[in-house]
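Participant: Starting off with a structure, shown below.
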Amino acid sequence: MTEIFPTTSQETRTRILEAAVKVFATKGYHDTKVDDIVSESHSSKGAFYFYFPSKQDIFLALSDTFAELLESRLTQAMENETRGLQQMDAALIASLGLFSQYRGLAKIALVQAVGLGAIFEERRRLINDRLTRIIQMRLECAIQEGSIPEQQTEIAARAWVGTLNEIVTHWIYTGTPSLEESLPSLRKFLARSIGISEERIQAGDS
């Protein structure tokens with residue numbers, strides 16, 4: 001019998017989303033068909049369309065899922081630290097760890113959404129804006145407490161997001177260098193970019 005209204009709704013939706021990550025990451029957006037996702041998820045077209053009106057909708061849902069995960073990890077990591085450089089370290093470790101853990105999702109949100117049209121580009125921009133706001137707020141707090149010099153925090157935050165995007169995008173395409181290997185150099189570069197002295201960088205802001 002054809003499955004029309006799934007009985008284990010959340011499990012079915014999750015299975016379809018996980019299958020979509022695999023298929024999109026392998027085939028790309030344009031070459032992926034709904035049938036591919038249905039087959040990979042071992043569900044039915046009825047189940048797919050019950051949750052997602054179209055291929056575009058499930059792609060956007062995956063982008064939103066990744067953005068929410070990243071925002072949550074970054075916020076939690078930084079809230080667990082009290083000093084500026086430790087917060088930066090925690091944020092970098094958390095974000096690079098998330099990219100490594102969910103490489104397929106990262107590929108969808110950061111790489112495949114580029115050039116797919118206005119609605120996809122708008123969603124990608126919103127993800128960047130959310131990350132920028134998180135970083136900007138932390139930089140403003142650091143200025144208020146005297147940890148870093150006065151500066152244009154939005155510009156600095158967008159530069160950080162752009163740098164991280166470039167490092168991760170290159171890794172997604174090539175696999176090198178590993179995100180773990182990139183961390184020390186990335187940490188130093190970002191710290192210098194906001195005026196943290198070499199002494200403090202070496203000392204870990206202690």
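If you're wondering about the labels, chains in the structure tokens are A, B, ... by order shown, residues count from 1 in each chain, ligands from 1 in order shown.
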With stretch 25-44 of chain A as the partner and 10 Å as the cut-off, tabulate the residues of stretch 108-149 of chain A that qualify, each row holding the nearest pair of atoms and their distance in Å to one decimal, using only C-alpha atoms, sorted by chain and rising number, as CSV.

Facilitator:
residue,atom,partner,partner_atom,distance
A:Ile108,CA,A:Ala25,CA,6.6
A:Val111,CA,A:Ala25,CA,9.8
A:Gln112,CA,A:Gly28,CA,6.8
A:Ala113,CA,A:Tyr29,CA,8.3
A:Leu116,CA,A:Tyr29,CA,8.4

Participant: Using only C-alpha atoms, find each residue of stretch 70-137 of chain A with at least one atom at most 9 Å away from an atom of stretch 200-204 of chain A; report its shortest atom-to-atom pair and that distance in Å (one decimal), sort the rows by chain and rising residue number, and return the result as JSON lines.

Facilitator:
{"residue": "A:Leu85", "atom": "CA", "partner": "A:Gly204", "partner_atom": "CA", "distance": 6.6}
{"residue": "A:Gln86", "atom": "CA", "partner": "A:Gly204", "partner_atom": "CA", "distance": 7.0}
{"residue": "A:Asp89", "atom": "CA", "partner": "A:Gly204", "partner_atom": "CA", "distance": 8.9}

Participant: Please dump the current selection as a compact mmCIF listing (two decimals), in the first residue's frame; keep N, CA, C and O atoms.

Facilitator:
# COMPACT_ATOMS: atom_id res chain seq x y z
N LEU A 85 39.78 36.08 23.65
CA LEU A 85 40.46 35.15 22.77
C LEU A 85 39.99 33.72 22.98
O LEU A 85 39.90 32.93 22.05
N GLN A 86 39.67 33.39 24.24
CA GLN A 86 39.12 32.05 24.50
C GLN A 86 37.76 31.88 23.81
O GLN A 86 37.44 30.80 23.33
N ASP A 89 38.54 31.23 20.20
CA ASP A 89 39.01 29.85 20.04
C ASP A 89 37.84 28.87 20.09
O ASP A 89 37.74 27.95 19.27

Participant: With a distance cut-off of 10 Å and only C-alpha atoms, select the neighbouring residues of A:Leu70, excluding the residue or stretch itself and same-chain residues fewer than 6 positions from it, and output the selection as an NGL selection string.

Facilitator: :A and (64 or 76 or 91 or 94-99 or 106 or 127 or 130-131)

Participant: Write the residues of the preceding selection, restricted to all heavy atoms, as a CSV table (one decimal), in the first residue's frame.

Facilitator:
chain,number,residue,atom,x,y,z
A,64,ASP,N,18.5,25.9,6.1
A,64,ASP,CA,18.0,26.5,7.4
A,64,ASP,C,18.5,25.6,8.6
A,64,ASP,O,18.9,26.1,9.6
A,64,ASP,CB,16.5,26.6,7.4
A,64,ASP,CG,16.0,27.7,6.5
A,64,ASP,OD1,16.8,28.6,6.1
A,64,ASP,OD2,14.8,27.6,6.2
A,76,GLN,N,26.6,28.7,22.1
A,76,GLN,CA,26.9,27.9,23.2
A,76,GLN,C,28.4,27.9,23.6
A,76,GLN,O,28.8,28.0,24.7
A,76,GLN,CB,26.4,26.5,23.0
A,76,GLN,CG,26.6,25.6,24.3
A,76,GLN,CD,26.0,24.2,24.1
A,76,GLN,OE1,25.6,23.9,23.0
A,76,GLN,NE2,26.0,23.4,25.1
A,91,ALA,N,34.7,29.4,19.5
A,91,ALA,CA,33.8,29.6,18.3
A,91,ALA,C,34.4,28.9,17.1
A,91,ALA,O,33.7,28.2,16.3
A,91,ALA,CB,33.6,31.1,18.0
A,94,ALA,N,34.3,25.1,17.5
A,94,ALA,CA,32.9,24.6,17.4
A,94,ALA,C,32.4,24.7,15.9
A,94,ALA,O,31.8,23.7,15.4
A,94,ALA,CB,32.0,25.5,18.2
A,95,SER,N,32.8,25.8,15.2
A,95,SER,CA,32.3,25.9,13.9
A,95,SER,C,33.0,24.9,12.9
A,95,SER,O,32.4,24.3,12.1
A,95,SER,CB,32.5,27.3,13.4
A,95,SER,OG,33.8,27.8,13.4
A,96,LEU,N,34.3,24.8,13.1
A,96,LEU,CA,35.1,23.9,12.2
A,96,LEU,C,34.7,22.5,12.5
A,96,LEU,O,34.7,21.6,11.6
A,96,LEU,CB,36.6,24.1,12.4
A,96,LEU,CG,37.2,25.5,11.9
A,96,LEU,CD1,38.7,25.5,12.2
A,96,LEU,CD2,36.8,25.7,10.5
A,97,GLY,N,34.4,22.2,13.8
A,97,GLY,CA,34.0,20.8,14.1
A,97,GLY,C,32.6,20.5,13.5
A,97,GLY,O,32.4,19.4,13.1
A,98,LEU,N,31.7,21.5,13.5
A,98,LEU,CA,30.4,21.3,12.9
A,98,LEU,C,30.6,21.1,11.4
A,98,LEU,O,29.9,20.2,10.8
A,98,LEU,CB,29.5,22.5,13.1
A,98,LEU,CG,28.1,22.4,12.6
A,98,LEU,CD1,27.3,21.3,13.4
A,98,LEU,CD2,27.4,23.7,12.7
A,99,PHE,N,31.4,21.9,10.7
A,99,PHE,CA,31.6,21.7,9.3
A,99,PHE,C,32.2,20.3,9.0
A,99,PHE,O,31.8,19.6,8.0
A,99,PHE,CB,32.6,22.7,8.7
A,99,PHE,CG,32.1,24.1,8.7
A,99,PHE,CD1,32.8,25.2,9.2
A,99,PHE,CD2,30.9,24.4,8.2
A,99,PHE,CE1,32.3,26.5,9.2
A,99,PHE,CE2,30.4,25.7,8.1
A,99,PHE,CZ,31.1,26.7,8.7
A,106,ALA,N,27.2,21.3,5.0
A,106,ALA,CA,28.0,22.5,4.7
A,106,ALA,C,28.1,22.7,3.2
A,106,ALA,O,28.1,23.9,2.7
A,106,ALA,CB,29.4,22.3,5.3
A,127,ILE,N,22.0,33.5,6.1
A,127,ILE,CA,22.9,32.7,7.0
A,127,ILE,C,24.1,33.5,7.3
A,127,ILE,O,24.5,33.5,8.5
A,127,ILE,CB,23.3,31.4,6.2
A,127,ILE,CG1,22.0,30.5,6.1
A,127,ILE,CG2,24.4,30.7,7.0
A,127,ILE,CD1,22.3,29.3,5.2
A,130,ARG,N,23.3,36.2,9.9
A,130,ARG,CA,23.1,35.6,11.2
A,130,ARG,C,24.5,35.4,11.9
A,130,ARG,O,24.7,35.7,13.1
A,130,ARG,CB,22.3,34.3,11.2
A,130,ARG,CG,20.9,34.6,10.9
A,130,ARG,CD,20.1,33.3,10.5
A,130,ARG,NE,20.0,32.4,11.6
A,130,ARG,CZ,19.2,31.3,11.5
A,130,ARG,NH1,18.6,31.0,10.4
A,130,ARG,NH2,19.1,30.5,12.6
A,131,LEU,N,25.4,34.8,11.2
A,131,LEU,CA,26.7,34.6,11.8
A,131,LEU,C,27.4,35.9,12.0
A,131,LEU,O,28.1,36.1,13.1
A,131,LEU,CB,27.6,33.8,10.8
A,131,LEU,CG,27.1,32.4,10.5
A,131,LEU,CD1,28.0,31.6,9.6
A,131,LEU,CD2,26.9,31.6,11.8

Participant: Taking only residues of stretch 113-134 of chain A that have an atom at most 8 Å from an atom of stretch 150-174 of chain A, what is each one's shortest atom pair and its distance in Å to one decimal, using only C-alpha atoms, in chain and number order, as CSV?

Facilitator:
residue,atom,partner,partner_atom,distance
A:Asn128,CA,A:Val161,CA,6.9
A:Leu131,CA,A:Val161,CA,7.0
A:Thr132,CA,A:Ala157,CA,5.3
A:Arg133,CA,A:Ala157,CA,7.6

Participant: Ranking A:Ala142, A:Val21, A:Leu186, A:Met88 by minimum distance to A:Thr65 and counting only C-alpha atoms, which one comes first?

Facilitator: A:Val21

Participant: Can you work out the spacing between atom CA of A:Ala19 and atom CA of A:Ala118 in Å, to one decimal?

Facilitator: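 That distance, rounded to one decimal, is 25.2 Å.
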
Participant: Which of these residues is nearest to A:Arg125, using only C-alpha atoms: A:Ala67, A:Arg138, A:Glu198, A:Ser193?

Facilitator: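 That would be A:Ala67, the residue with the smallest distance to A:Arg125.
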
Participant: Going by DSSP on the backbone, which bits of stretch 25-153 of chain A are helix (DSSP H, G or I)? Write them as a ChimeraX atom specification, please.

Facilitator: /A:25-27,34-41,45-51,55-79,84-101,103-112,118-144,153

Participant: Using only C-alpha atoms, which of A:Leu105, A:Leu60, A:Ala20, A:Ile143 sits nearest A:Phe120?

Facilitator: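 Nearest candidate to A:Phe120 out of A:Leu105, A:Leu60, A:Ala20, A:Ile143: A:Leu60.
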
Participant: How far is it from atom CA of A:Glu145 to atom CA of A:Ser185, in Å with one decimal?

Facilitator: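 Distance between the two atoms: 25.7 Å.
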
Participant: What is the atom CA of A:Glu122-atom CA of A:Leu110 distance in Å, reported with one decimal?

Facilitator: 12.3 Å
